[in-house]
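*Asks:* mmCIF, C-alpha atoms (C1' of nucleotides), saved as entry_38.cif, coming up:
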data_model
loop_
_atom_site.label_atom_id
_atom_site.label_comp_id
_atom_site.auth_asym_id
_atom_site.auth_seq_id
_atom_site.Cartn_x
_atom_site.Cartn_y
_atom_site.Cartn_z
CA MET A 9 36.18 -38.41 -40.10
CA VAL A 10 39.49 -38.68 -38.34
CA ARG A 11 42.31 -40.64 -39.86
CA SER A 12 45.46 -41.86 -38.21
CA ASN A 13 47.94 -41.81 -41.07
CA THR A 14 47.18 -38.51 -42.76
CA ARG A 15 50.81 -37.50 -42.50
CA GLU A 16 51.95 -40.46 -44.59
CA GLU A 17 49.14 -39.92 -47.10
CA ILE A 18 50.25 -36.33 -47.54
CA LEU A 19 53.83 -37.42 -48.18
CA THR A 20 52.70 -40.05 -50.69
CA SER A 21 50.44 -37.66 -52.60
CA ALA A 22 53.01 -34.87 -52.55
CA THR A 23 55.71 -37.17 -53.90
CA ARG A 24 53.54 -38.29 -56.82
CA LEU A 25 52.34 -34.78 -57.64
CA PHE A 26 55.76 -33.13 -57.29
CA ALA A 27 57.22 -35.83 -59.54
CA ALA A 28 54.52 -35.29 -62.15
CA SER A 29 54.31 -31.49 -62.20
CA GLY A 30 57.35 -30.25 -60.29
CA TYR A 31 57.55 -28.58 -56.88
CA LYS A 32 56.58 -25.13 -58.09
CA GLY A 33 54.02 -26.61 -60.44
CA THR A 34 52.13 -28.27 -57.59
CA SER A 35 50.08 -26.15 -55.19
CA LEU A 36 49.07 -27.01 -51.64
CA HIS A 37 45.52 -27.03 -52.98
CA ASP A 38 46.42 -29.78 -55.48
CA ILE A 39 47.90 -31.92 -52.70
CA ALA A 40 44.92 -31.30 -50.41
CA VAL A 41 42.46 -32.41 -53.12
CA ASP A 42 44.53 -35.52 -53.84
CA VAL A 43 44.71 -36.45 -50.16
CA GLY A 44 41.08 -35.54 -49.58
CA CYS A 45 41.59 -33.01 -46.82
CA SER A 46 41.75 -29.26 -46.45
CA LYS A 47 44.77 -27.15 -47.33
CA ALA A 48 44.98 -26.10 -43.70
CA ALA A 49 45.33 -29.75 -42.66
CA LEU A 50 48.58 -29.96 -44.64
CA LEU A 51 49.96 -27.01 -42.72
CA TYR A 52 48.83 -28.58 -39.47
CA HIS A 53 51.04 -31.62 -40.13
CA PHE A 54 53.92 -29.71 -41.77
CA ASP A 55 55.36 -26.28 -41.09
CA SER A 56 55.31 -25.24 -44.73
CA LYS A 57 55.23 -26.49 -48.31
CA GLU A 58 59.03 -26.62 -48.26
CA ALA A 59 58.90 -28.78 -45.12
CA ILE A 60 56.85 -31.36 -47.05
CA LEU A 61 59.53 -31.44 -49.74
CA THR A 62 62.31 -31.80 -47.18
CA GLN A 63 60.54 -34.61 -45.32
CA LEU A 64 59.79 -36.65 -48.41
CA CYS A 65 63.41 -36.43 -49.54
CA ALA A 66 64.81 -37.25 -46.11
CA PRO A 67 64.80 -41.09 -46.37
CA ALA A 68 66.60 -41.00 -49.73
CA ILE A 69 69.20 -38.60 -48.40
CA ALA A 70 69.68 -40.73 -45.28
CA GLU A 71 70.34 -43.80 -47.40
CA LEU A 72 72.80 -41.90 -49.55
CA GLU A 73 74.56 -40.96 -46.33
CA GLN A 74 74.63 -44.63 -45.27
CA LEU A 75 76.05 -45.66 -48.63
CA HIS A 76 78.76 -43.08 -48.19
CA ASP A 77 79.67 -44.45 -44.73
CA ARG A 78 79.70 -48.02 -46.04
CA LEU A 79 82.20 -47.09 -48.78
CA GLU A 80 84.53 -45.10 -46.55
CA GLY A 81 86.45 -48.11 -45.19
CA LEU A 82 86.90 -49.98 -48.48
CA GLU A 83 89.86 -50.17 -50.86
CA SER A 84 89.67 -48.46 -54.24
CA ALA A 85 88.54 -51.39 -56.41
CA PRO A 86 85.87 -52.94 -54.15
CA ALA A 87 84.69 -49.44 -53.25
CA ARG A 88 84.01 -48.80 -56.92
CA THR A 89 81.92 -51.92 -57.47
CA ALA A 90 80.07 -51.34 -54.21
CA ALA A 91 79.46 -47.73 -55.21
CA ILE A 92 77.98 -48.76 -58.56
CA GLU A 93 75.72 -51.40 -57.04
CA GLY A 94 74.69 -49.19 -54.14
CA PHE A 95 73.95 -46.20 -56.32
CA VAL A 96 71.95 -48.23 -58.83
CA ASP A 97 69.86 -49.77 -56.04
CA LEU A 98 69.34 -46.43 -54.38
CA SER A 99 68.34 -44.75 -57.65
CA MET A 100 65.80 -47.46 -58.41
CA ARG A 101 64.32 -47.58 -54.92
CA TYR A 102 63.84 -43.80 -54.80
CA ARG A 103 62.74 -43.22 -58.39
CA LYS A 104 59.87 -40.94 -57.45
CA GLU A 105 61.98 -38.85 -55.08
CA ILE A 106 64.64 -38.49 -57.78
CA GLN A 107 61.99 -37.32 -60.21
CA VAL A 108 61.09 -34.64 -57.71
CA ILE A 109 64.68 -33.55 -57.23
CA TYR A 110 65.50 -33.61 -60.95
CA GLY A 111 62.32 -31.73 -61.76
CA ASP A 112 63.39 -28.83 -59.60
CA LEU A 113 67.15 -29.13 -59.56
CA PRO A 114 68.08 -25.49 -60.20
CA GLY A 115 65.93 -24.15 -57.42
CA LEU A 116 66.84 -26.92 -55.02
CA LEU A 117 70.60 -26.56 -55.34
CA GLN A 118 70.51 -23.40 -53.26
CA GLN A 119 68.69 -25.07 -50.38
CA PRO A 120 70.97 -25.99 -47.44
CA SER A 121 69.62 -29.53 -46.98
CA PHE A 122 70.69 -30.38 -50.52
CA ALA A 123 74.18 -28.97 -50.19
CA ARG A 124 74.95 -32.15 -48.26
CA VAL A 125 73.67 -34.23 -51.18
CA HIS A 126 75.99 -32.34 -53.47
CA LEU A 127 78.97 -33.16 -51.25
CA LEU A 128 78.04 -36.85 -50.97
CA THR A 129 77.59 -37.12 -54.73
CA GLN A 130 80.97 -35.50 -55.32
CA ARG A 131 82.59 -38.02 -52.97
CA LEU A 132 80.85 -40.87 -54.82
CA CYS A 133 82.20 -39.41 -58.02
CA GLU A 134 85.76 -39.52 -56.74
CA ILE A 135 85.31 -43.16 -55.74
CA LEU A 136 83.90 -44.06 -59.17
CA ALA A 137 86.63 -42.17 -60.98
CA GLY A 138 89.25 -44.12 -59.08
CA PRO A 139 92.79 -43.06 -58.28
CA SER A 140 93.91 -42.61 -61.90
CA GLY A 141 92.73 -39.01 -62.05
CA THR A 142 92.53 -38.77 -65.84
CA PRO A 143 89.89 -36.50 -67.36
CA VAL A 144 88.26 -39.49 -69.04
CA SER A 145 87.75 -41.42 -65.80
CA ALA A 146 86.42 -38.33 -64.04
CA VAL A 147 84.00 -37.52 -66.84
CA ALA A 148 82.93 -41.18 -67.11
CA ALA A 149 82.17 -41.11 -63.39
CA LYS A 150 80.05 -37.98 -63.83
CA LEU A 151 78.34 -39.58 -66.81
CA VAL A 152 77.36 -42.65 -64.81
CA LEU A 153 76.38 -40.65 -61.74
CA ALA A 154 74.15 -38.36 -63.78
CA GLY A 155 72.85 -41.00 -66.16
CA ILE A 156 71.60 -43.53 -63.61
CA PRO A 157 69.24 -41.15 -61.80
CA ALA A 158 68.17 -39.72 -65.15
CA ILE A 159 67.11 -43.22 -66.19
CA ALA A 160 65.28 -43.61 -62.90
CA PHE A 161 63.69 -40.32 -63.84
CA ALA A 162 62.66 -41.45 -67.31
CA VAL A 163 61.78 -45.01 -66.42
CA ASP A 164 58.27 -44.16 -65.29
CA GLN A 165 57.54 -42.40 -68.58
CA GLY A 166 57.45 -45.24 -71.07
CA MET A 167 60.28 -47.63 -70.18
CA HIS A 168 58.23 -50.42 -68.66
CA CYS A 169 59.70 -52.92 -71.10
CA TYR A 170 62.13 -54.36 -68.56
CA SER A 171 61.67 -55.82 -65.13
CA ASP A 172 63.46 -54.24 -62.20
CA GLU A 173 65.96 -57.12 -62.09
CA GLU A 174 66.80 -56.80 -65.79
CA LEU A 175 67.10 -53.04 -65.46
CA ARG A 176 69.34 -53.29 -62.41
CA ALA A 177 71.67 -55.82 -64.02
CA ALA A 178 71.85 -53.85 -67.27
CA LEU A 179 72.55 -50.57 -65.46
CA ILE A 180 75.36 -52.12 -63.43
CA GLU A 181 76.94 -53.68 -66.51
CA ALA A 182 76.69 -50.51 -68.60
CA ALA A 183 78.08 -48.39 -65.76
CA THR A 184 80.92 -50.80 -65.09
CA ARG A 185 81.77 -50.84 -68.79
CA ALA A 186 81.81 -47.05 -69.02
CA LEU A 187 84.11 -46.82 -66.01
CA ALA A 188 86.44 -49.68 -66.94
CA PRO A 189 89.92 -48.66 -68.10
CA PRO A 190 90.47 -49.38 -71.81
CA THR A 191 91.89 -52.86 -72.39
CA MET B 6 65.77 4.98 -75.34
CA VAL B 7 64.91 2.68 -78.19
CA ARG B 8 66.99 -0.39 -78.81
CA SER B 9 67.10 -2.53 -81.89
CA ASN B 10 67.88 -5.95 -80.48
CA THR B 11 65.57 -6.09 -77.44
CA ARG B 12 64.12 -9.37 -78.65
CA GLU B 13 67.51 -11.07 -78.54
CA GLU B 14 68.32 -9.54 -75.16
CA ILE B 15 65.08 -10.93 -73.77
CA LEU B 16 65.90 -14.40 -75.08
CA THR B 17 69.40 -14.23 -73.59
CA SER B 18 68.23 -13.05 -70.17
CA ALA B 19 65.35 -15.52 -70.07
CA THR B 20 67.66 -18.42 -70.91
CA ARG B 21 70.05 -17.54 -68.10
CA LEU B 22 67.30 -16.93 -65.55
CA PHE B 23 65.27 -20.01 -66.50
CA ALA B 24 68.44 -22.11 -66.25
CA ALA B 25 69.25 -20.70 -62.83
CA SER B 26 65.82 -20.73 -61.20
CA GLY B 27 63.59 -22.81 -63.46
CA TYR B 28 60.74 -21.72 -65.72
CA LYS B 29 58.14 -21.50 -62.97
CA GLY B 30 60.70 -20.01 -60.62
CA THR B 31 61.34 -17.06 -62.91
CA SER B 32 58.71 -14.33 -63.30
CA LEU B 33 58.26 -11.94 -66.18
CA HIS B 34 59.22 -9.23 -63.71
CA ASP B 35 62.58 -10.92 -63.08
CA ILE B 36 63.30 -11.06 -66.81
CA ALA B 37 62.22 -7.45 -67.33
CA VAL B 38 64.56 -6.24 -64.56
CA ASP B 39 67.44 -8.25 -66.02
CA VAL B 40 66.86 -6.91 -69.52
CA GLY B 41 66.24 -3.38 -68.23
CA CYS B 42 62.81 -2.87 -69.70
CA SER B 43 59.21 -3.08 -68.58
CA LYS B 44 57.27 -6.28 -68.14
CA ALA B 45 54.87 -5.09 -70.83
CA ALA B 46 57.76 -4.82 -73.30
CA LEU B 47 58.32 -8.58 -72.99
CA LEU B 48 54.72 -9.20 -73.94
CA TYR B 49 55.04 -6.79 -76.84
CA HIS B 50 57.81 -8.92 -78.36
CA PHE B 51 56.37 -12.30 -77.34
CA ASP B 52 52.79 -13.54 -77.11
CA SER B 53 53.24 -15.01 -73.64
CA LYS B 54 55.78 -16.30 -71.13
CA GLU B 55 55.44 -19.74 -72.68
CA ALA B 56 56.23 -18.27 -76.11
CA ILE B 57 59.57 -17.02 -74.74
CA LEU B 58 60.38 -20.56 -73.57
CA THR B 59 59.40 -22.07 -76.91
CA GLN B 60 61.44 -19.55 -78.90
CA LEU B 61 64.61 -19.99 -76.85
CA CYS B 62 64.44 -23.76 -77.23
CA ALA B 63 63.71 -23.64 -80.95
CA PRO B 64 67.33 -23.52 -82.24
CA ALA B 65 68.35 -26.50 -80.10
CA ILE B 66 65.36 -28.51 -81.25
CA ALA B 67 66.06 -27.59 -84.87
CA GLU B 68 69.64 -28.85 -84.57
CA LEU B 69 68.46 -32.07 -82.98
CA GLU B 70 66.19 -32.47 -85.99
CA GLN B 71 69.13 -31.88 -88.35
CA LEU B 72 71.22 -34.45 -86.50
CA HIS B 73 68.41 -36.94 -86.90
CA ASP B 74 68.23 -36.31 -90.66
CA ARG B 75 71.99 -36.64 -91.00
CA LEU B 76 71.95 -40.07 -89.33
CA GLU B 77 69.03 -41.45 -91.30
CA GLY B 78 71.05 -42.49 -94.34
CA LEU B 79 74.00 -44.09 -92.53
CA GLU B 80 74.79 -47.72 -91.74
CA SER B 81 74.57 -48.97 -88.17
CA ALA B 82 78.19 -48.62 -87.08
CA PRO B 83 79.01 -45.18 -88.57
CA ALA B 84 75.60 -43.98 -87.45
CA ARG B 85 76.49 -44.84 -83.90
CA THR B 86 79.78 -42.93 -83.86
CA ALA B 87 78.17 -39.99 -85.65
CA ALA B 88 75.32 -40.04 -83.14
CA ILE B 89 77.71 -39.96 -80.19
CA GLU B 90 79.76 -37.12 -81.63
CA GLY B 91 76.72 -35.17 -82.78
CA PHE B 92 74.90 -35.53 -79.49
CA VAL B 93 77.95 -34.57 -77.44
CA ASP B 94 78.49 -31.46 -79.56
CA LEU B 95 74.84 -30.54 -79.43
CA SER B 96 74.70 -30.99 -75.66
CA MET B 97 77.73 -28.80 -75.13
CA ARG B 98 76.62 -26.07 -77.51
CA TYR B 99 73.18 -25.80 -75.94
CA ARG B 100 74.15 -26.25 -72.27
CA LYS B 101 72.01 -23.39 -71.07
CA GLU B 102 68.96 -24.52 -73.01
CA ILE B 103 69.39 -28.04 -71.64
CA GLN B 104 69.54 -26.64 -68.14
CA VAL B 105 66.21 -24.95 -68.80
CA ILE B 106 64.63 -28.13 -70.17
CA TYR B 107 66.02 -30.34 -67.38
CA GLY B 108 64.95 -27.87 -64.76
CA ASP B 109 61.34 -28.15 -65.82
CA LEU B 110 61.21 -31.56 -67.44
CA PRO B 111 58.02 -32.87 -65.81
CA GLY B 112 55.96 -29.87 -66.78
CA LEU B 113 57.48 -29.59 -70.23
CA LEU B 114 56.89 -33.20 -71.26
CA GLN B 115 53.20 -32.50 -71.72
CA GLN B 116 53.81 -29.61 -74.12
CA PRO B 117 53.27 -30.51 -77.79
CA SER B 118 56.49 -28.89 -79.04
CA PHE B 119 58.51 -31.22 -76.83
CA ALA B 120 56.72 -34.38 -77.90
CA ARG B 121 58.81 -34.13 -81.07
CA VAL B 122 61.99 -33.98 -78.96
CA HIS B 123 60.89 -37.14 -77.18
CA LEU B 124 60.49 -38.94 -80.51
CA LEU B 125 63.86 -37.76 -81.84
CA THR B 126 65.60 -38.81 -78.64
CA GLN B 127 64.00 -42.24 -78.82
CA ARG B 128 65.25 -42.65 -82.41
CA LEU B 129 68.75 -41.60 -81.31
CA CYS B 130 68.50 -44.18 -78.55
CA GLU B 131 67.74 -46.95 -81.06
CA ILE B 132 70.73 -45.92 -83.15
CA LEU B 133 73.02 -45.91 -80.11
CA ALA B 134 71.71 -49.27 -78.89
CA GLY B 135 72.50 -50.79 -82.27
CA PRO B 136 70.83 -53.80 -83.87
CA SER B 137 71.70 -56.28 -81.10
CA GLY B 138 68.58 -55.49 -79.12
CA THR B 139 69.83 -56.79 -75.78
CA PRO B 140 68.62 -55.10 -72.58
CA VAL B 141 72.18 -54.09 -71.73
CA SER B 142 72.76 -52.22 -74.99
CA ALA B 143 69.38 -50.51 -74.75
CA VAL B 144 69.97 -49.43 -71.16
CA ALA B 145 73.52 -48.34 -71.95
CA ALA B 146 72.12 -46.17 -74.74
CA LYS B 147 69.63 -44.61 -72.32
CA LEU B 148 72.43 -44.10 -69.81
CA VAL B 149 74.58 -42.23 -72.29
CA LEU B 150 71.67 -40.24 -73.69
CA ALA B 151 70.58 -39.14 -70.23
CA GLY B 152 74.05 -38.73 -68.79
CA ILE B 153 75.52 -36.42 -71.43
CA PRO B 154 72.89 -33.67 -71.10
CA ALA B 155 72.99 -34.10 -67.33
CA ILE B 156 76.71 -33.32 -67.42
CA ALA B 157 76.02 -30.34 -69.63
CA PHE B 158 73.50 -29.44 -66.96
CA ALA B 159 75.96 -29.79 -64.09
CA VAL B 160 78.98 -28.42 -65.90
CA ASP B 161 78.15 -24.81 -65.17
CA GLN B 162 77.90 -25.54 -61.45
CA GLY B 163 81.48 -26.27 -60.48
CA MET B 164 83.01 -28.37 -63.26
CA HIS B 165 85.22 -25.74 -64.82
CA CYS B 166 88.29 -27.90 -64.35
CA TYR B 167 88.35 -29.03 -67.97
CA SER B 168 88.41 -27.15 -71.24
CA ASP B 169 85.65 -27.73 -73.74
CA GLU B 170 87.98 -29.80 -75.92
CA GLU B 171 89.02 -32.07 -73.03
CA LEU B 172 85.42 -32.43 -71.94
CA ARG B 173 84.25 -33.27 -75.44
CA ALA B 174 86.93 -35.90 -75.98
CA ALA B 175 86.36 -37.46 -72.55
CA LEU B 176 82.59 -37.60 -73.05
CA ILE B 177 82.93 -39.26 -76.44
CA GLU B 178 85.39 -41.83 -75.09
CA ALA B 179 83.31 -42.63 -71.99
CA ALA B 180 80.13 -42.90 -74.05
CA THR B 181 81.80 -45.10 -76.66
CA ARG B 182 83.17 -47.33 -73.92
CA ALA B 183 79.75 -47.69 -72.24
CA LEU B 184 78.16 -48.62 -75.56
CA ALA B 185 80.91 -50.95 -76.80
CA PRO B 186 80.11 -54.67 -76.72
CA PRO B 187 82.23 -56.52 -74.12
CA THR B 188 85.50 -57.76 -75.57
"C1'" DC C 4 55.66 18.71 -92.46
"C1'" DT C 5 52.59 14.74 -91.71
"C1'" DC C 6 51.29 10.69 -90.06
"C1'" DA C 7 51.22 5.91 -89.35
"C1'" DA C 8 53.76 2.29 -87.61
"C1'" DA C 9 57.06 0.43 -84.18
"C1'" DG C 10 58.70 0.29 -79.59
"C1'" DC C 11 57.72 0.83 -75.12
"C1'" DT C 12 55.65 2.44 -70.36
"C1'" DG C 13 52.80 2.63 -65.97
"C1'" DG C 14 48.87 1.15 -64.16
"C1'" DC C 15 45.58 -2.06 -63.58
"C1'" DC C 16 43.09 -6.69 -63.61
"C1'" DG C 17 41.51 -11.31 -61.91
"C1'" DA C 18 43.50 -15.53 -60.47
"C1'" DT C 19 46.26 -18.08 -57.63
"C1'" DC C 20 49.76 -18.63 -54.44
"C1'" DG C 21 51.53 -20.01 -49.44
"C1'" DG C 22 50.19 -19.21 -45.02
"C1'" DT C 23 47.28 -17.69 -40.68
"C1'" DC C 24 43.60 -17.96 -37.44
"C1'" DA C 25 39.49 -18.69 -34.77
"C1'" DG C 26 36.58 -22.22 -34.01
"C1'" DT C 27 35.00 -27.19 -33.69
"C1'" DA C 28 34.34 -32.19 -33.41
"C1'" DA C 29 36.27 -36.42 -31.62
"C1'" DC C 30 38.92 -38.90 -28.60
"C1'" DT C 31 41.20 -39.70 -23.89
"C1'" DG C 32 42.91 -39.93 -19.30
"C1'" DA C 33 41.61 -38.30 -14.66
"C1'" DT D 25 31.64 -35.97 -16.22
"C1'" DC D 26 34.78 -32.85 -17.77
"C1'" DA D 27 39.11 -30.67 -19.03
"C1'" DG D 28 42.66 -31.13 -22.37
"C1'" DT D 29 44.79 -32.66 -26.33
"C1'" DT D 30 44.67 -34.01 -31.23
"C1'" DA D 31 43.04 -33.48 -35.80
"C1'" DC D 32 40.93 -30.72 -38.68
"C1'" DT D 33 37.87 -26.97 -41.21
"C1'" DG D 34 36.35 -22.63 -43.68
"C1'" DA D 35 37.23 -18.09 -44.16
"C1'" DC D 36 40.42 -14.92 -44.92
"C1'" DC D 37 45.01 -12.40 -45.77
"C1'" DG D 38 48.78 -10.04 -48.37
"C1'" DA D 39 51.82 -11.03 -52.05
"C1'" DT D 40 52.73 -12.28 -56.50
"C1'" DC D 41 51.62 -14.12 -60.74
"C1'" DG D 42 50.72 -13.66 -66.13
"C1'" DG D 43 48.49 -10.73 -69.00
"C1'" DC D 44 45.84 -6.52 -70.86
"C1'" DC D 45 45.31 -1.77 -72.22
"C1'" DA D 46 45.40 3.29 -73.00
"C1'" DG D 47 48.65 6.27 -74.13
"C1'" DC D 48 53.33 8.15 -74.79
"C1'" DT D 49 57.58 8.73 -77.61
"C1'" DT D 50 60.66 7.85 -81.60
"C1'" DT D 51 61.40 6.79 -86.31
"C1'" DG D 52 61.17 6.84 -91.21
"C1'" DA D 53 58.64 6.91 -95.64
"C1'" DG D 54 55.81 9.94 -98.63
#
Is it possible to give me this structure as structure tokens?
*Replies:*
Amino acid sequence: MVRSNTREEILTSATRLFAASGYKGTSLHDIAVDVGCSKAALLYHFDSKEAILTQLCAPAIAELEQLHDRLEGLESAPARTAAIEGFVDLSMRYRKEIQVIYGDLPGLLQQPSFARVHLLTQRLCEILAGPSGTPVSAVAAKLVLAGIPAIAFAVDQGMHCYSDEELRAALIEAATRALAPPT
Amino acid sequence: MVRSNTREEILTSATRLFAASGYKGTSLHDIAVDVGCSKAALLYHFDSKEAILTQLCAPAIAELEQLHDRLEGLESAPARTAAIEGFVDLSMRYRKEIQVIYGDLPGLLQQPSFARVHLLTQRLCEILAGPSGTPVSAVAAKLVLAGIPAIAFAVDQGMHCYSDEELRAALIEAATRALAPPT
DNA sequence: CTCAAAGCTGGCCGATCGGTCAGTAACTGA
DNA sequence: TCAGTTACTGACCGATCGGCCAGCTTTGAG
């Protein structure tokens, strides 16, 4: 049997398995069984296990990059609302990938391809914190920026009570509220 | 050389190494080198690698349990403020342990000793969401509950700009603001 | 002084890991 | 028809993993 889209199947399986058991907790054998091919086939399509991880995170990172570019030209206030909306959408669209990243954060931080993510996230944080520069606004920005992906992380483990639209709206409102200056 | 407090040294080293490289990413050999003893010595003091993980998380889990008991008798409003303060304090005191848990969340969720943590966190979430029961308040509670430990997670990787007191105050204010009903 | 317990070591075990390699079946353009 | 490329397999490799065990010191009570 020869298939045409094995590469995509590998990426799909790897994403689900990495998200469920972590990068280190998932072996090439596990992925091969899930895909229904040999372990060697994985390494025919990808240079290494790490290459699989990098490839499956690539689209999410690319979109984060795009979000960053989109915000660069805006004024402070509209940049903030756009950042909230963009980051919520991005976190919800790439739930599984975020689960993978969160599940292996300490080990991944050292990897060069994620250093860029760190920079982009820091920039987003500055935008969310706004120009005031008080500790509270900076910490609130970190809170939102860490909390939203963490919800995306947890949402597949027992938070099916809300629809995506409800969840999105609620996240944006809660984030906006946390970041709003006290009245 | 015979030492008296090897057990504590093992727990300290393991916590730091697990936090830095993850549970799976740290071998018994790594811990043994860090402590300055043999790998076999680790398994003399603890039944297994997993037992080390369980033991080092035990104090944090016990305190979470205490926080839960303390909140049980309170009314809705004071329970919420006490929950915020208690959870912020707990998250800051056990930063390293939280880093360990976050770093291996997917794998750890299946473990029985962490099922209890899941329950306690859910109860905390209900208290933070309050009696209103709207999606926004529930999601805001999740946001705060996920965001605070995530900051504790990230704080040791480049957020030394604030003192613990500043950080604590800012976290409590940001969390309170995110959870406050719109005025 | 004796001796058992506590604390610890070096060496070893089977299992599993990521990765390599020679070989093969199927498809494809010349 | 046939050479060449693509997609893939099974067997195998060295390294590393968690864990076990026989035996060696050190310590302290009787």
*Asks:* Figure out the distance between atom C1' of DC26 of chain D and atom C1' of DT31 of chain C, please, to one decimal in Å.
*Replies:*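 Going from atom C1' of DT31 of chain C over to atom C1' of DC26 of chain D covers 11.2 Å.
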*Asks:* Run the PyMOL selection byres ((chain C and resi 28) around 9) on the file and write out the hits as an mmCIF file with C-alpha atoms (C1' of nucleotides), in the coordinates of the input.
*Replies:*
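Written file, selection.cif:
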data_model
loop_
_atom_site.group_PDB
_atom_site.id
_atom_site.type_symbol
_atom_site.label_atom_id
_atom_site.label_comp_id
_atom_site.auth_asym_id
_atom_site.auth_seq_id
_atom_site.Cartn_x
_atom_site.Cartn_y
_atom_site.Cartn_z
ATOM 1 C "C1'" DT C 27 35.000 -27.190 -33.690
ATOM 2 C "C1'" DA C 29 36.270 -36.420 -31.620
ATOM 3 C "C1'" DC D 32 40.930 -30.720 -38.680
#
*Asks:* Between B:Leu22, B:Leu76, B:Val144, B:Ala56, which has the minimum distance to Ala162 of chain A (counting only C-alpha atoms)?
*Replies:* B:Val144
*Asks:* Could you pull out every residue with an atom within 12 Å of (59.3, 5.9, -86.7), file coordinates, counting all atoms listed in the file, and send them as a VMD selection string?
*Replies:* (chain B and resid 7) or (chain C and resid 6 to 10) or (chain D and resid 49 to 53)
*Asks:* Skip Asn13 of chain A itself and residues of its chain fewer than 5 positions away, then list as a list in words all residues within 12 Å of it, counting all atoms listed in the file.
*Replies:*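 Close residues of Asn13 of chain A: Ile18, Leu19, Thr20, Val43 and His53 of chain A; DA31 of chain D.
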*Asks:* Find the residues in chain A near chain C: any atom within 8 Å counts, using all atoms listed in the file. Write them as a ChimeraX atom specification.
*Replies:* /A:10,35-36,56-57
*Asks:* Report, in Å with one decimal, the straight-line distance from atom CA of Lys32 of chain A to atom CA of Gly30 of chain B.
*Replies:*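 Calculated distance between atom CA of Lys32 of chain A and atom CA of Gly30 of chain B is 7.0 Å.
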*Asks:* One decimal, Å: what's the distance from atom CA of Gln104 of chain B over to atom CA of Ile153 of chain B, could you say?
*Replies:*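 Computed distance, atom CA of Gln104 of chain B to atom CA of Ile153 of chain B, equals 11.9 Å.
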*Asks:* With a cut-off of 12 Å, could you pull out the residues of chain A touching chain D and give me the nearest pair of atoms for each, distance in Å to one decimal, using all atoms listed in the file, ordered by chain and ascending number, as a Markdown table?
*Replies:*
| residue | atom | partner | partner_atom | distance |
| --- | --- | --- | --- | --- |
| A:Met9 | CA | D:DC32 | C1' | 9.1 |
| A:Val10 | CA | D:DA31 | C1' | 6.8 |
| A:Arg11 | CA | D:DA31 | C1' | 8.3 |
| A:Ser12 | CA | D:DA31 | C1' | 9.0 |
| A:Asn13 | CA | D:DA31 | C1' | 11.0 |
| A:Thr14 | CA | D:DA31 | C1' | 9.5 |
| A:Arg15 | CA | D:DA31 | C1' | 11.0 |
| A:Gly44 | CA | D:DC32 | C1' | 11.9 |
| A:Cys45 | CA | D:DC32 | C1' | 8.5 |
| A:Ser46 | CA | D:DT33 | C1' | 6.9 |
| A:Lys47 | CA | D:DT33 | C1' | 9.2 |
| A:Ala48 | CA | D:DT33 | C1' | 7.6 |
| A:Ala49 | CA | D:DC32 | C1' | 6.0 |
| A:Leu50 | CA | D:DC32 | C1' | 9.7 |
| A:Leu51 | CA | D:DC32 | C1' | 10.6 |
| A:Tyr52 | CA | D:DC32 | C1' | 8.2 |
| A:His53 | CA | D:DA31 | C1' | 9.3 |
*Asks:* Check which residues satisfy the PyMOL selection byres ((chain A) within 6 of (chain B)) in the file shown, then give them as an mmCIF file with C-alpha atoms, keeping the file's coordinate frame.
*Replies:*
data_model
loop_
_atom_site.group_PDB
_atom_site.id
_atom_site.type_symbol
_atom_site.label_atom_id
_atom_site.label_comp_id
_atom_site.auth_asym_id
_atom_site.auth_seq_id
_atom_site.Cartn_x
_atom_site.Cartn_y
_atom_site.Cartn_z
ATOM 1 C CA ALA A 28 54.520 -35.290 -62.150
ATOM 2 C CA SER A 29 54.310 -31.490 -62.200
ATOM 3 C CA GLY A 111 62.320 -31.730 -61.760
ATOM 4 C CA ASP A 112 63.390 -28.830 -59.600
ATOM 5 C CA LEU A 113 67.150 -29.130 -59.560
ATOM 6 C CA PRO A 114 68.080 -25.490 -60.200
ATOM 7 C CA GLY A 115 65.930 -24.150 -57.420
ATOM 8 C CA VAL A 144 88.260 -39.490 -69.040
ATOM 9 C CA ALA A 148 82.930 -41.180 -67.110
ATOM 10 C CA LEU A 151 78.340 -39.580 -66.810
ATOM 11 C CA ALA A 154 74.150 -38.360 -63.780
ATOM 12 C CA GLY A 155 72.850 -41.000 -66.160
ATOM 13 C CA ALA A 158 68.170 -39.720 -65.150
ATOM 14 C CA ALA A 178 71.850 -53.850 -67.270
ATOM 15 C CA ALA A 182 76.690 -50.510 -68.600
ATOM 16 C CA ARG A 185 81.770 -50.840 -68.790
ATOM 17 C CA ALA A 186 81.810 -47.050 -69.020
#
*Asks:* Return the padded bounding box of segment 25-42 of chain D as lines of an AutoDock Vina configuration file: axis-aligned, built from all atoms listed in the file, 8 Å added on each side, with centre and edge lengths in Å to one decimal.
*Replies:*
center_x = 42.2
center_y = -23.0
center_z = -41.2
size_x = 37.1
size_y = 41.9
size_z = 65.9
*Asks:* List the spatial neighbours of Ser81 of chain B as an NGL selection string - criterion: any atom at most 8 Å away, all atoms listed in the file, same-chain residues fewer than 3 positions off excluded.
*Replies:* :B and (84-85 or 132 or 135-136)
*Asks:* Kindly save the residues from that selection, with C-alpha atoms included, as a tab-separated table (two decimals), in the frame of the given file.
*Replies:*
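File produced: part00.tsv:
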chain	number	residue	atom	x	y	z
B	84	ALA	CA	75.60	-43.98	-87.45
B	85	ARG	CA	76.49	-44.84	-83.90
B	132	ILE	CA	70.73	-45.92	-83.15
B	135	GLY	CA	72.50	-50.79	-82.27
B	136	PRO	CA	70.83	-53.80	-83.87
